[in-house]
Every structure is written in structure tokens, then in C-alpha cells.
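Next comes protein_9.cif, a file with mmCIF, C-alpha atoms.
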```
data_start
loop_
_atom_site.group_PDB
_atom_site.id
_atom_site.type_symbol
_atom_site.label_atom_id
_atom_site.label_comp_id
_atom_site.auth_asym_id
_atom_site.auth_seq_id
_atom_site.Cartn_x
_atom_site.Cartn_y
_atom_site.Cartn_z
ATOM 1 C CA MET A 523 43.040 75.557 93.916
ATOM 2 C CA THR A 524 43.873 75.313 97.524
ATOM 3 C CA ARG A 525 44.202 78.379 99.608
ATOM 4 C CA VAL A 526 48.033 77.973 100.025
ATOM 5 C CA LYS A 527 48.572 77.705 96.274
ATOM 6 C CA LEU A 528 46.374 80.760 95.688
ATOM 7 C CA ILE A 529 48.294 82.844 98.239
ATOM 8 C CA SER A 530 51.636 81.643 96.796
ATOM 9 C CA ALA A 531 50.541 82.505 93.263
ATOM 10 C CA TRP A 532 49.286 85.928 94.367
ATOM 11 C CA PHE A 533 52.510 86.658 96.327
ATOM 12 C CA GLY A 534 54.727 85.524 93.422
ATOM 13 C CA GLY A 535 52.763 87.694 90.978
ATOM 14 C CA ALA A 536 53.081 90.710 93.292
ATOM 15 C CA LEU A 537 56.860 90.219 93.527
ATOM 16 C CA LEU A 538 57.158 89.875 89.746
ATOM 17 C CA LEU A 539 55.082 93.024 89.205
ATOM 18 C CA ALA A 540 57.164 94.961 91.769
ATOM 19 C CA GLY A 541 60.381 93.841 90.045
ATOM 20 C CA ILE A 542 59.136 94.921 86.620
ATOM 21 C CA VAL A 543 57.969 98.293 87.945
ATOM 22 C CA GLY A 544 61.327 98.772 89.697
ATOM 23 C CA ILE A 545 63.249 98.078 86.503
ATOM 24 C CA LEU A 546 61.076 100.394 84.429
ATOM 25 C CA GLU A 547 61.165 103.204 86.979
ATOM 26 C CA SER A 548 64.923 103.059 87.607
ATOM 27 C CA GLY A 549 65.958 104.894 84.433
ATOM 28 C CA ALA A 550 69.624 105.589 83.792
ATOM 29 C CA ALA A 551 71.874 106.632 86.630
ATOM 30 C CA ASP A 552 75.503 107.566 87.072
ATOM 31 C CA VAL A 553 77.621 104.739 88.383
ATOM 32 C CA PHE A 554 80.689 105.410 90.481
ATOM 33 C CA LEU A 555 83.159 102.620 91.101
ATOM 34 C CA GLU A 556 85.518 102.816 94.019
ATOM 35 C CA ALA A 557 87.998 100.211 95.104
ATOM 36 C CA THR A 558 89.329 100.184 98.618
ATOM 37 C CA ARG A 559 91.382 97.779 100.671
ATOM 38 C CA PRO A 560 90.697 98.691 104.301
ATOM 39 C CA ASP A 561 92.735 95.865 105.877
ATOM 40 C CA PHE A 562 95.685 96.118 103.513
ATOM 41 C CA GLN A 563 98.798 98.077 104.389
ATOM 42 C CA LYS A 564 100.258 99.659 101.299
ATOM 43 C CA ILE A 565 103.903 99.151 100.429
ATOM 44 C CA SER A 566 105.905 102.388 100.370
ATOM 45 C CA LEU A 567 107.495 102.813 96.951
ATOM 46 C CA GLY A 568 109.682 105.595 95.625
ATOM 47 C CA ILE A 569 110.453 106.227 91.981
ATOM 48 C CA ALA A 570 114.015 107.443 91.673
ATOM 49 C CA GLY A 571 113.509 108.539 88.073
ATOM 50 C CA ILE A 572 113.683 107.214 84.547
ATOM 51 C CA GLN A 573 116.743 108.764 82.919
ATOM 52 C CA SER A 574 116.913 109.455 79.206
ATOM 53 C CA GLY A 575 120.208 108.049 77.980
ATOM 54 C CA GLY A 576 119.585 108.912 74.360
ATOM 55 C CA GLY A 577 116.810 110.274 72.251
ATOM 56 C CA PRO A 578 114.447 113.123 73.133
ATOM 57 C CA ASP A 579 114.382 114.609 76.641
ATOM 58 C CA TRP A 580 110.666 113.840 77.079
ATOM 59 C CA LEU A 581 111.131 110.065 76.815
ATOM 60 C CA GLY A 582 112.191 109.272 80.389
ATOM 61 C CA GLY A 583 109.770 111.820 81.810
ATOM 62 C CA ARG A 584 106.823 110.378 79.906
ATOM 63 C CA ILE A 585 107.546 106.837 81.115
ATOM 64 C CA GLU A 586 108.020 108.052 84.698
ATOM 65 C CA GLU A 587 104.740 109.996 84.594
ATOM 66 C CA VAL A 588 102.752 106.975 83.365
ATOM 67 C CA LEU A 589 104.482 104.681 85.866
ATOM 68 C CA LYS A 590 103.604 106.986 88.786
ATOM 69 C CA LYS A 591 99.942 107.122 87.776
ATOM 70 C CA ASP A 592 99.788 103.342 87.381
ATOM 71 C CA ILE A 593 101.407 102.813 90.792
ATOM 72 C CA LYS A 594 98.833 105.101 92.435
ATOM 73 C CA ARG A 595 95.912 103.355 90.711
ATOM 74 C CA SER A 596 97.131 99.900 91.725
ATOM 75 C CA LEU A 597 96.134 100.522 95.370
ATOM 76 C CA VAL A 598 99.038 98.260 96.366
ATOM 77 C CA PHE A 599 101.717 100.905 96.801
ATOM 78 C CA ASP A 600 101.981 104.178 98.651
ATOM 79 C CA LEU A 601 103.926 106.427 96.270
ATOM 80 C CA VAL A 602 106.578 108.316 98.229
ATOM 81 C CA ASP A 603 108.034 111.630 97.061
ATOM 82 C CA LEU A 604 111.752 110.985 97.520
ATOM 83 C CA PRO A 605 112.992 114.624 97.248
ATOM 84 C CA SER A 606 110.567 115.697 100.001
ATOM 85 C CA LEU A 607 112.263 113.121 102.284
ATOM 86 C CA GLY A 608 115.653 114.605 101.404
ATOM 87 C CA ILE A 609 116.684 111.635 99.284
ATOM 88 C CA SER A 610 118.812 112.607 96.292
ATOM 89 C CA THR A 611 118.546 110.008 93.567
ATOM 90 C CA SER A 612 121.104 111.410 91.136
ATOM 91 C CA ASP A 613 123.765 108.913 92.302
ATOM 92 C CA ILE A 614 121.698 105.769 91.808
ATOM 93 C CA GLY A 615 123.180 104.950 88.388
ATOM 94 C CA ASN A 616 122.768 101.270 87.585
ATOM 95 C CA GLY A 617 122.232 100.277 91.223
ATOM 96 C CA MET A 618 125.627 98.635 91.669
ATOM 97 C CA GLY A 619 127.966 101.453 92.748
ATOM 98 C CA ASN A 620 128.710 103.063 96.111
ATOM 99 C CA GLY A 621 126.482 106.033 95.300
ATOM 100 C CA SER A 622 123.476 103.799 94.802
ATOM 101 C CA LYS A 623 124.166 101.915 98.053
ATOM 102 C CA ALA A 624 124.093 105.216 99.924
ATOM 103 C CA VAL A 625 120.738 106.063 98.284
ATOM 104 C CA PHE A 626 119.377 102.609 99.182
ATOM 105 C CA LYS A 627 120.467 102.987 102.806
ATOM 106 C CA GLN A 628 119.006 106.469 103.098
ATOM 107 C CA ALA A 629 115.677 105.342 101.595
ATOM 108 C CA ALA A 630 115.467 102.342 103.943
ATOM 109 C CA GLU A 631 116.153 104.580 106.954
ATOM 110 C CA LYS A 632 113.295 106.869 105.847
ATOM 111 C CA GLY A 633 110.877 103.914 105.615
ATOM 112 C CA VAL A 634 110.818 103.418 101.855
ATOM 113 C CA SER A 635 110.342 99.688 101.191
ATOM 114 C CA VAL A 636 110.831 99.653 97.414
ATOM 115 C CA LEU A 637 112.893 101.862 95.103
ATOM 116 C CA VAL A 638 112.273 101.833 91.359
ATOM 117 C CA TRP A 639 114.403 103.492 88.702
ATOM 118 C CA GLY A 640 115.253 103.064 85.080
ATOM 119 C CA LYS A 641 116.848 104.377 81.952
ATOM 120 C CA THR A 642 115.845 104.760 78.348
ATOM 121 C CA ALA A 643 117.681 104.930 75.070
ATOM 122 C CA MET A 644 116.532 105.438 71.508
ATOM 123 C CA LYS A 645 118.091 104.089 68.344
ATOM 124 C CA GLU A 646 116.938 105.448 65.016
ATOM 125 C CA ALA A 647 115.825 102.720 62.639
ATOM 126 C CA GLN A 648 114.769 102.961 59.019
ATOM 127 C CA LYS A 649 111.011 103.127 59.633
ATOM 128 C CA ASP A 650 110.545 103.944 63.296
ATOM 129 C CA ALA A 651 112.839 104.547 66.230
ATOM 130 C CA ASP A 652 113.556 101.671 68.609
ATOM 131 C CA VAL A 653 113.108 102.587 72.256
ATOM 132 C CA ASN A 654 114.882 100.604 74.957
ATOM 133 C CA MET A 655 113.582 100.932 78.492
ATOM 134 C CA GLU A 656 115.203 99.210 81.461
ATOM 135 C CA GLY A 657 113.548 99.230 84.865
ATOM 136 C CA PHE A 658 115.121 98.141 88.150
ATOM 137 C CA VAL A 659 113.686 97.319 91.579
ATOM 138 C CA TYR A 660 115.443 97.537 94.946
ATOM 139 C CA ASP A 661 113.807 95.992 98.019
ATOM 140 C CA SER A 662 114.931 97.383 101.377
ATOM 141 C CA GLY A 663 113.676 94.270 103.204
ATOM 142 C CA SER A 664 116.192 92.032 101.453
ATOM 143 C CA ASP A 665 118.674 94.910 100.882
ATOM 144 C CA GLU A 666 119.277 93.977 97.272
ATOM 145 C CA VAL A 667 118.230 94.716 93.727
ATOM 146 C CA VAL A 668 115.492 92.118 93.266
ATOM 147 C CA GLY A 669 114.441 92.736 89.715
ATOM 148 C CA GLY A 670 115.165 94.225 86.376
ATOM 149 C CA LYS A 671 113.199 94.259 83.150
ATOM 150 C CA ARG A 672 114.045 95.420 79.653
ATOM 151 C CA TYR A 673 111.447 96.487 77.112
ATOM 152 C CA VAL A 674 112.093 97.258 73.448
ATOM 153 C CA GLY A 675 109.638 98.761 70.988
ATOM 154 C CA SER A 676 108.733 101.712 68.847
ATOM 155 C CA THR A 677 107.842 105.144 70.198
ATOM 156 C CA SER A 678 104.172 104.283 69.767
ATOM 157 C CA VAL A 679 104.361 101.743 72.615
ATOM 158 C CA VAL A 680 106.238 103.829 75.196
ATOM 159 C CA ARG A 681 103.145 104.044 77.421
ATOM 160 C CA LEU A 682 102.649 100.292 77.151
ATOM 161 C CA MET A 683 106.222 99.755 78.388
ATOM 162 C CA ALA A 684 105.444 101.768 81.529
ATOM 163 C CA HIS A 685 102.134 99.893 82.017
ATOM 164 C CA ARG A 686 103.914 96.539 81.727
ATOM 165 C CA PHE A 687 106.550 97.556 84.261
ATOM 166 C CA ALA A 688 103.855 98.712 86.712
ATOM 167 C CA ASP A 689 102.045 95.391 86.270
ATOM 168 C CA GLU A 690 105.316 93.541 86.921
ATOM 169 C CA LEU A 691 105.751 95.443 90.199
ATOM 170 C CA VAL A 692 102.222 94.580 91.334
ATOM 171 C CA PHE A 693 102.727 90.931 90.407
ATOM 172 C CA ARG A 694 106.094 90.742 92.198
ATOM 173 C CA TYR A 695 104.631 92.034 95.481
ATOM 174 C CA THR A 696 101.121 90.520 95.428
ATOM 175 C CA GLY A 697 101.231 87.499 93.139
ATOM 176 C CA GLU A 698 98.220 88.944 91.308
ATOM 177 C CA PRO A 699 98.264 90.508 87.835
ATOM 178 C CA GLY A 700 98.307 94.294 87.738
ATOM 179 C CA ILE A 701 95.543 96.431 86.239
ATOM 180 C CA ALA A 702 97.604 98.980 84.309
ATOM 181 C CA ARG A 703 96.957 97.382 80.911
ATOM 182 C CA THR A 704 93.262 96.681 81.445
ATOM 183 C CA LYS A 705 90.537 98.485 79.552
ATOM 184 C CA ILE A 706 86.962 99.249 80.524
ATOM 185 C CA ALA A 707 84.195 98.624 78.018
ATOM 186 C CA TYR A 708 80.558 99.615 78.321
ATOM 187 C CA VAL A 709 77.455 99.132 76.228
ATOM 188 C CA ALA A 710 75.224 102.102 75.489
ATOM 189 C CA GLU A 711 71.688 101.432 74.314
ATOM 190 C CA GLN A 712 69.753 103.996 72.351
ATOM 191 C CA GLY A 713 66.385 102.766 71.200
ATOM 192 C CA SER A 714 66.807 99.353 69.637
ATOM 193 C CA ALA A 715 70.479 99.908 68.786
ATOM 194 C CA ALA A 716 73.421 99.198 71.082
ATOM 195 C CA SER A 717 77.024 100.229 70.776
ATOM 196 C CA CYS A 718 80.069 99.012 72.647
ATOM 197 C CA SER A 719 82.711 101.541 73.644
#
```
In C-alpha cells, what does this structure look like?
Amino acid sequence: MTRVKLISAWFGGALLLAGIVGILESGAADVFLEATRPDFQKISLGIAGIQSGGGPDWLGGRIEEVLKKDIKRSLVFDLVDLPSLGISTSDIGNGMGNGSKAVFKQAAEKGVSVLVWGKTAMKEAQKDADVNMEGFVYDSGSDEVVGGKRYVGSTSVVRLMAHRFADELVFRYTGEPGIARTKIAYVAEQGSAASCS
């Protein structure tokens, strides 16, 4: 062998050995994932409430709670607390009356770009109750109600309705699918067995 080939073989073997030792020595470690968007200005969004128009009192509150958490996790919106800005949302109704126009104007003056609200209703069926959820979106830039979605399903999919609405909001303002309905899976190895969770 020539001297260059010998040095190359020795160097390659040393790198391979170092890689194997590094893998064996690493062991298991905690992994923390963090997503940031440093050059992205978040869109201010206020949730004016999800009103229960029929069925149990918890229904609208549960959907609103899930929606707020999804909006925060999206990293697209800056969730604004409307009551702390002095914005009363009780007059918003269906978004078409004079009361709602006053709320829209007040929110725009306070710097809120997007207002979201909705209503729920429940109809008892033979097997399971049907839940209707309607969500509406007002955009202060265009000064109009720019979207509305209706979801129908059983009480077992109430959370999914909120996730879908959050994903619709992200898609409307970014053109990218939202992450509210995604799931994280991991593989745990123990000896020669592996399990997926």
C-alpha cells in the first residue's frame, strides 16, 4: 500500500471508532423541543367567547378552553385578553348587529387584528347527543366577518371540533396547516423489544 492510502485507511478507521464510541457512550438523555419564530410578528387575536345556546353549561367553556390553548401553541397568534383591554363581548351576537359592530370597532382601536367567537347547541338523539358548534372570524384589517365554520358531531368529539377550528384559523392566516390535531409518537427500546407510544 502506498503511504497516502495507509494514512487514509488509518484516519477513516479512527473516525469510525470515534463514532461508535460516541454512540455507545451517549446513553439516553432528555430531549427538549422548542419552536420559535424570531422574525415573525404574531397576529393579535381575541376570543370573544363560545356561548352555549343549548345543552350543558360546560360545553361552550370546554371548546373555548381548548381553542385558547391551541391558539397559544400555534405560535402564529398573540392571544389577547379582551376584558383586560376593557372590551365587553356580550353584545357580539352573530356578528351582524349594531352591538357587534361596536365591539369590532373597539377591538380594532385597541390593536386586536382578529376576533373569534362562536356558539354551541346540543340536540339529544337516540344514542348520543348531537353537538353543533359554529365559529366566526372577524378581521379588523378588512373590517368584515371573513369566515365561519360549522361542526357537527357527538359529545365525544367536542375537543376535535375546537382543534379543527384552530387549524382553520392558522391555515387562513398562514396558508400552512395547523398543528392542533397532530400527535407525537416515540419509540422506546428496552432490551431487544421496542414499543411505539
Residues picked by the PyMOL selection byres ((chain A and resi 605) around 12) here, as an mmCIF file with C-alpha atoms, keeping the file's coordinate frame?
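Written file, expr20.cif:
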```cif
data_model
loop_
_atom_site.group_PDB
_atom_site.id
_atom_site.type_symbol
_atom_site.label_atom_id
_atom_site.label_comp_id
_atom_site.auth_asym_id
_atom_site.auth_seq_id
_atom_site.Cartn_x
_atom_site.Cartn_y
_atom_site.Cartn_z
ATOM 1 C CA GLY A 568 109.682 105.595 95.625
ATOM 2 C CA ILE A 569 110.453 106.227 91.981
ATOM 3 C CA ALA A 570 114.015 107.443 91.673
ATOM 4 C CA GLY A 571 113.509 108.539 88.073
ATOM 5 C CA VAL A 602 106.578 108.316 98.229
ATOM 6 C CA ASP A 603 108.034 111.630 97.061
ATOM 7 C CA LEU A 604 111.752 110.985 97.520
ATOM 8 C CA SER A 606 110.567 115.697 100.001
ATOM 9 C CA LEU A 607 112.263 113.121 102.284
ATOM 10 C CA GLY A 608 115.653 114.605 101.404
ATOM 11 C CA ILE A 609 116.684 111.635 99.284
ATOM 12 C CA SER A 610 118.812 112.607 96.292
ATOM 13 C CA THR A 611 118.546 110.008 93.567
ATOM 14 C CA SER A 612 121.104 111.410 91.136
ATOM 15 C CA VAL A 625 120.738 106.063 98.284
ATOM 16 C CA GLN A 628 119.006 106.469 103.098
ATOM 17 C CA ALA A 629 115.677 105.342 101.595
ATOM 18 C CA LYS A 632 113.295 106.869 105.847
#
```
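Taken over the whole file, the PyMOL selection byres ((chain A and resi 576) around 12) covers exactly Ile572, Gln573, Ser574, Gly575, Gly577, Pro578, Asp579, Trp580, Leu581, Gly582, Lys641, Thr642, Ala643, Met644, Lys645, Glu646, Ala651, Asp652, Val653, Asn654 and Met655 of chain A.
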- Query: Can you list, as a list in words, every protein, DNA or RNA residue that comes within 10 Å of Ser678 of chain A when you count all atoms listed in the file, leaving out same-chain residues fewer than 2 positions away?
  - Reply: Asp650, Ala651, Asp652, Val653, Gly675, Ser676, Val680, Arg681, Leu682 and Met683 of chain A
- Task: Apply the PyMOL selection byres ((chain A and resi 637) around 9) to the structure shown and report the selected residues as a count of residues only.
- Result: 17
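Distance annotation: of A:Arg525, A:Lys590, A:Arg584, A:Arg672, the residue with the minimal separation from Ala702 of chain A is A:Lys590; atom set is all atoms listed in the file.
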Padding of 6 Å on every side, edges along x, y and z, all listed atoms of segment 659-671 of chain A included: what centre and edge lengths in Å, to one decimal, does that box have, as JSON?
```
{"center_x": 116.2, "center_y": 94.8, "center_z": 93.2, "size_x": 18.1, "size_y": 17.5, "size_z": 32.1}
```
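In this structure, atom CA of Phe562 of chain A sits 22.4 Å away from atom CA of Glu631 of chain A.
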- Query: Of the residues A:Asp600, A:Asp689, A:Glu698, A:Glu666, which is the one nearest to Lys623 of chain A, using only C-alpha atoms?
  - Reply: A:Glu666
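Within a radius of 9 Å around (104.4, 98.2, 86.8), the polymer residues are Leu589, Asp592, Ile593, Ser596, Met683, Ala684, His685, Arg686, Phe687, Ala688, Asp689, Glu690, Leu691, Val692, Phe693, Gly700 and Ala702 of chain A, counting only C-alpha atoms.
If you look at atom CA of Gly669 of chain A and atom CA of Arg694 of chain A, they are 8.9 Å away from each other.
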- Task: Could you please determine the separation between atom CA of Lys627 of chain A and atom CA of Val667 of chain A in Å, to one decimal place?
- Result: 12.5 Å
